[in-house]
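Shown next, in structure tokens, is the structure this report addresses.
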Number of protein chains: 4
Amino acid sequence: MSDVRAAVMQAPRTLEVVEFPWPELEAGAVLMRVSLSGVCGTDKHTYRGETKQYAGTPHERELEYPLICGHENVGVVEAVGPGGAVDSDGRELRVGDRIVPGANVSCGACYFCLNKFPYYYCEHLVDYGNSLNCKLPPHLFGGWSEHMYLLPGTPIFRVPDELPDEVAVLTEVMAVTHGIDSARALAGTLGATPFGETVAVVGVGPLGLCHLIKARLVGAGKLIALDRFDSRLRLAEEFGASLTINVDSVDAAEREAAIREHTGGLGADIVVDCSGIPQTFPECLRIARYGGIVVEAGAFVDLGPVDVNPNSEICTKNVCVIGVGGETSTSYVPAMRLMASNLDRLPFNRIVTHRFPLEGAEEALEVAQRDGAMKVVMDPHRNGSGAE
Amino acid sequence: MSDVRAAVMQAPRTLEVVEFPWPELEAGAVLMRVSLSGVCGTDKHTYRGETKQYAGTPHERELEYPLICGHENVGVVEAVGPGGAVDSDGRELRVGDRIVPGANVSCGACYFCLNKFPYYYCEHLVDYGNSLNCKLPPHLFGGWSEHMYLLPGTPIFRVPDELPDEVAVLTEVMAVTHGIDSARALAGTLGATPFGETVAVVGVGPLGLCHLIKARLVGAGKLIALDRFDSRLRLAEEFGASLTINVDSVDAAEREAAIREHTGGLGADIVVDCSGIPQTFPECLRIARYGGIVVEAGAFVDLGPVDVNPNSEICTKNVCVIGVGGETSTSYVPAMRLMASNLDRLPFNRIVTHRFPLEGAEEALEVAQRDGAMKVVMDPHRNGSGAE
Amino acid sequence: MSDVRAAVMQAPRTLEVVEFPWPELEAGAVLMRVSLSGVCGTDKHTYRGETKQYAGTPHERELEYPLICGHENVGVVEAVGPGGAVDSDGRELRVGDRIVPGANVSCGACYFCLNKFPYYYCEHLVDYGNSLNCKLPPHLFGGWSEHMYLLPGTPIFRVPDELPDEVAVLTEVMAVTHGIDSARALAGTLGATPFGETVAVVGVGPLGLCHLIKARLVGAGKLIALDRFDSRLRLAEEFGASLTINVDSVDAAEREAAIREHTGGLGADIVVDCSGIPQTFPECLRIARYGGIVVEAGAFVDLGPVDVNPNSEICTKNVCVIGVGGETSTSYVPAMRLMASNLDRLPFNRIVTHRFPLEGAEEALEVAQRDGAMKVVMDPHRNGSGAE
Amino acid sequence: MSDVRAAVMQAPRTLEVVEFPWPELEAGAVLMRVSLSGVCGTDKHTYRGETKQYAGTPHERELEYPLICGHENVGVVEAVGPGGAVDSDGRELRVGDRIVPGANVSCGACYFCLNKFPYYYCEHLVDYGNSLNCKLPPHLFGGWSEHMYLLPGTPIFRVPDELPDEVAVLTEVMAVTHGIDSARALAGTLGATPFGETVAVVGVGPLGLCHLIKARLVGAGKLIALDRFDSRLRLAEEFGASLTINVDSVDAAEREAAIREHTGGLGADIVVDCSGIPQTFPECLRIARYGGIVVEAGAFVDLGPVDVNPNSEICTKNVCVIGVGGETSTSYVPAMRLMASNLDRLPFNRIVTHRFPLEGAEEALEVAQRDGAMKVVMDPHRNGSGAE
């Protein structure tokens, strides 16, 4: 069998395409031919070598080079290790099955695993494209590669036939949006009706947009989007945003006023912070309605503390906050179902804006931060070096 | 001011158009010009005088003739009593405002009212078109009338501009579907992921169809519809049903097998019983998955008991049941928002299949039970007697 | 090492003490010296060979003789297999640790296991003292034995130092009471305040009593107990029952009237059915308040269907039902903590009424059904044959 | 009828006993003979005239002198206005009934009232002893008075016979502890088992102690208390605290270490902040376990912002925060039931440490802040001026 080509971060700011030997599969492992692999916001910090000072989760802080990035993946089963492997429904996987693999592997033996907490709470979590480097065989622990090696115990999710790859590649991001579900469940116990509510999303890059889409598809009412890029706000509108605000052209007081006006004076029932910077957190507390809920799902990089007033912004305003640090394994399949049954109603095919071959990984990282880009993906079997 | 014309049930099987004097408004009352008023499944029993033996709720059993039916209403504020009245957001109502009034008025002083339970739990609930007859002035307590008198304390819900009358008239029915919300909240505490689940609806007349639509709009995955009328099943498909079964041509064992096959062998996560007959209740328990939830929202007429096995159908199967006997006042506005934001994605304008003038009330009752009809409504300001 | 003595059901109605060879431990297995092992209500059916016609769960129906009963266990780690084993907190187990083992082992690879449902939902569940017979080595799959073999993957729960064996042996039963938690969570979304509610328990044998105790310890208000044995009702009173009713001396109408009087006319907020017979299920629906919740946790034996009226008893009464078919693995440790911190406030030491040596297993089964007995346990290291 | 004596804050730092005329009752009003009335932590700020700069809620900021403090009350119905009045169960109130009145009156006509949110969310809330001053007749709007005038619409809660006044006076405070219920409901949707959890309370003055007691009575496992007064920590121990920490003698790092050690390295599942100062809020975020919940229920005075890190303390730690700004009307009766059924198990009679006559109001305010005091109450019908 031929070698496997992958884009490797050899060291900070050094990205090159490397060939690895075709891996041998241990029992329970799966080899996946990668169809598409997303570029995540934090990959840029990894590229810059800023993992120690900035990286948000303990797992990310420990990462070592060389590394193959890519934890938002969709692909096809190329081979299954001895003894076979099952999908998340317990059904045997076969060569040719289209799959989305979980972005992490949990240990099954720590307090959180043994007590049925979300799998990403695991005390010994390993992350594809992150804490799993490519120093030792079988090397292929990231999606920016022609093939990817899935360790035994990796949750593997079958892709519905009708869901195209360029939508399925969003599954992992969509599986991070469970803060919406928690916010709604909590709201239901605080006196609020659990649908038709106003949801504001601060920062509608890929993660924020997926939150907005999730809110839309689970029956939110008005949707509000804030961002500094107009291209993102336009896309949010196409997914149903009824109010969009460019934060570079509207100051904080005006933003709050606009949101109150749009909500009959109340403010947003649920606010999702996906900006990636800490300064938006207090703003989220302020634009929430009295008794509202803020989901903090975007602060994956440690940029220091901000001022929060426990009296006026939390206690006497009855505001709740839900911190979300990863995606639940149980959300992948429902997320794919939700997207599949709404393909004809929402422009999912416009979310992936750029596709790069392995040689274009560096450019992909740059483009992903710019106006005009939403989700940028690697397409490892494409030739050439530029975007499509 | 001119008299007000209304379709009056003078006695069982005696329906005629009667003129009432223009009412004088007490403080807090509102006079609504009726735009459309729905025909409900149980109205036929009222017409036949079967309220004592069949009627489901204690309130309905007490009803007396003469009566103006019609509790699913949309209209326009014609006049406001001294001191004014507010909508459900606390905003002052003005002449010309388009509104959906609550179907019931609660007392505010009983155990259930004082403890914030759903308003229809009220121990002294009065129902428009039901327990509120038209014997005494101001008479106009039902929607099958040119104008309707809304008592002080009636919850009044403002209709979004973009929502046409023929969709707004479905609001009350849609507000009965909170069993879906409860089922989902409960599922979330039992280990299930609260979106993307399979929902089966048994009986997709207007109430069942609204449950299916609600499930669709709050992010369910696969939708299954069962009915004896093909016209209803076709409409369910247009709202997203992925499996439809005509119960007259497929027997119970085959139905269960088809549902299991459609759900990977599991059965439906949530089953909603809207058939109106008790025999479907045990079937609902059977087509639910292990650990699934059954919403009993359609047994509004007492047709006696059925056999239920507490061991195999409930206890050891871990099945839950949620009984729903009315609509929550807090669901009206969210329901309108949900429909308004999905007008371009789902064929809401096809749900009202027939519109009758007051003179056609009797025919409307007949048509409402037939294949080919979904929601039949009264259009009190239309002339003539036939359907449109 | 010496042989291990166990009480074995060789065939229906044939119970004898048998010696088995000291087992060799596979990797991940644990050998537990049994301190106490409870006699469960359904064990009598197993003894009578009535498993095919009566047994409630699919697992139980498959059971084969010879069998060592006993799935409610407390003991001490005697040996740990190669590679070690961890408790439910992920901490290494050592010889001498006092433990309660889970009553079941789940497969980890089926739909329910992979999706974080309660462990007893597992499609391939094996039950100690039930589906796990003692035909083949290592034989020791039940607690009515001096030692018990715990398979790899068995959840193992550490016993708090202050919790005596005769209370710890109740842990498994207490872990079945999660219906109380679900009922409360559901009530909280239906408008009820989630503490201080009235809980009625129908059938206060060990399972019912544990539900009553759980309700008491999680802050229920009034507690009502119904049973046919006065000794049980007296014990329920000691745990806080404010109203007790002997169903043999008070007829159904009077019972309902007494419960309404005790609850200001409302009925019980939560009713738990632990009678073991189906006839009580409709009674539970009737004594629940309007909008109340019934937990069906006792119908573990299939005694056929009963009449249920979906209209008056469920739909228009807004009653919910929660079926509970087993114990959650995540409840064992919290249950032990709850009992440990209330040892000085409630008479837990009075729940185990009889202790039998292995030779007395048959008598233990008889005694367990009688007035005067609450929890009967086997004490495998005691000599003699009579109760203590 | 004789005049009514009350302790009146005439202006900042000016407290004197004043006589008011016996009031005439409007329809729906109730006159209550005050048995006991609590001194609340924020009353001191009112006394000092610091309401503008410090007061936490908008209602409190608007308060005007002269004022009769006292919103934690228990008393006896002295007279009922024309037309009668009902308790929270809808039962007619009679002269001589022992009652706890709600601390606030909601308008019934704003967005929050009309949509069944907690009553204290009301946009036009009036507070006894706070926003309701005593300038105009009938004057008697606070509990530091021989009699108190309860406006029509005041929720009124009947006191169980077995609950003594010195415990019933804690009801309002106990009704603020619903954050525990919300935290638990939320935890149940995040994967945690909803009982037996570790609860830490930071600041165990009366509000904190009531949270600790509530946690204890609804089935929490380990209880941890932090305070700067040893007398408070000792009382917390008597109510079940398994770890107490004096924050003046143990620094922050050691506190966190002690809590981790006490919880197997995890941290507290639920942390309740009742310190009244903002600096403890970040500490609460830190001592919570990964995925834990912080209830901010004590920041009723605005003492400015603190540093919060949205990355490490919320997002990637999956921590949730629940802000609680008042007491729910639906919690009063369940709270009284809970206390009544545990009178013999917990030393409720030790919570009220000092009782003052009206003449001692000023001293009462001083004593309430000191070591050695827990709840200080006014006893308006006592003679003399010193504490008892």
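Just remember, in the structure tokens the first chain shown is A, the second B, etc., residues are 1-based per chain, and ligands are 1-based in the order shown.
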TODO: Up to 10 Å from chain A, what residues of chain B turn up? Count only C-alpha atoms and give them as number ranges by chain.
DONE: B: 89, 91, 116, 178, 181-182, 184-186, 188-189, 191-198, 214-222, 240, 242, 264, 328-342, 344-346
Open item on the list: Please list as a VMD selection string every residue within 9 Å of Pro380 of chain A, counting only C-alpha atoms and excluding residues in the same chain fewer than 3 positions away.
Closed with: chain A and resid 5 to 7 34 to 37 143 to 147 356 to 359 383
TODO: Mind the document's chain letters and residue numbers, and return as a PyMOL selection string the residues of segment 133-318 of chain B that DSSP labels alpha helix (DSSP H).
DONE: chain B and resi 165-168+171-174+178-189+206-217+230-238+252-262+280-287
Task: Test item: residues at most 8 Å from Pro21 of chain D, only C-alpha atoms, excluding those fewer than 2 positions along its chain, as a list in words - done: Ser2, Asp3, Val4, Glu19 and Pro23 of chain D
Generate a file of the selected residues that holds all heavy atoms, formatted as a compact mmCIF listing (two decimals), in the first residue's frame.
```
# COMPACT_ATOMS: atom_id res chain seq x y z
N SER D 2 -56.96 51.00 69.63
CA SER D 2 -55.75 51.73 70.05
C SER D 2 -54.84 52.03 68.88
O SER D 2 -55.00 51.50 67.79
CB SER D 2 -55.00 50.89 71.07
OG SER D 2 -54.62 49.67 70.47
N ASP D 3 -53.87 52.88 69.14
CA ASP D 3 -52.87 53.17 68.12
C ASP D 3 -51.93 51.98 67.94
O ASP D 3 -51.89 51.07 68.76
CB ASP D 3 -52.05 54.40 68.53
CG ASP D 3 -52.84 55.67 68.27
OD1 ASP D 3 -53.91 55.59 67.62
OD2 ASP D 3 -52.37 56.73 68.72
N VAL D 4 -51.16 52.04 66.86
CA VAL D 4 -50.21 50.97 66.55
C VAL D 4 -48.80 51.54 66.65
O VAL D 4 -48.47 52.53 65.99
CB VAL D 4 -50.46 50.43 65.12
CG1 VAL D 4 -49.43 49.37 64.79
CG2 VAL D 4 -51.88 49.89 65.00
N GLU D 19 -46.27 56.18 66.91
CA GLU D 19 -47.60 55.58 66.97
C GLU D 19 -48.41 55.99 65.75
O GLU D 19 -48.43 57.16 65.38
CB GLU D 19 -48.31 55.99 68.25
CG GLU D 19 -47.56 55.52 69.50
CD GLU D 19 -48.46 55.39 70.71
OE1 GLU D 19 -49.61 55.87 70.67
OE2 GLU D 19 -48.01 54.77 71.70
N PRO D 23 -55.52 51.20 61.32
CA PRO D 23 -55.89 51.41 59.92
C PRO D 23 -57.28 50.86 59.56
O PRO D 23 -57.76 49.92 60.18
CB PRO D 23 -54.82 50.61 59.17
CG PRO D 23 -54.49 49.50 60.12
CD PRO D 23 -54.62 50.06 61.50
```
- [ ] Write out as a ChimeraX atom specification all residues of segment 233-352 of chain B that DSSP puts in strand (DSSP E or B) for this structure's backbone.
- [x] /B:243-246,268-273,288-296,301,306-308,320-323,352
- [ ] For Leu125 of chain A, list every protein, DNA or RNA residue within 9 Å, evaluated using only C-alpha atoms, and leave out those in the same chain fewer than 4 positions away; present the list as an MDAnalysis selection string.
- [x] chainID A and resid 59 104:107 119:121 131
- [ ] Would you mind reading off the distance between atom CA of Gly267 of chain D and atom CA of Val201 of chain D, one decimal, in Å?
- [x] 12.5 Å
TODO: Name the residues in contact with segment 68-76 of chain B at a cut-off of 6 Å, using only C-alpha atoms, excluding same-chain residues fewer than 6 positions from it; report them as a list of chain:residue names.
DONE: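 Skipping anything fewer than 6 positions along the chain leaves B:Val8, B:Met32, B:Arg33, B:Val34, B:Ser35, B:Leu36, B:Ser37, B:Gly38, B:Gly96, B:Asp97, B:Arg98, B:Ile99, B:Val100, B:Ala103, B:Tyr128, B:Gly129, B:Gly142, B:Gly143, B:Trp144, B:Val169, B:Glu172.
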Task: Selection: 10 Å around Pro282 of chain D, only C-alpha atoms, excl. self and same-chain fewer than 4 positions, as a list of chain:residue names - done: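 Surrounding residues, per the criterion: A:Val308, A:Pro310, D:Asp273, D:Pro278, D:Arg286, D:Ile287, D:Val294, D:Val306, D:Asp307, D:Val308, D:Asn309, D:Glu313.
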Task: Test item: residues at most 12 Å from segment 362-364 of chain D, only C-alpha atoms, excluding those fewer than 2 positions along its chain, as an NGL selection string - done: :D and (7-9 or 12-17 or 37-41 or 43-44 or 46-48 or 69 or 144 or 353-360 or 366-370 or 373-379 or 385-388)
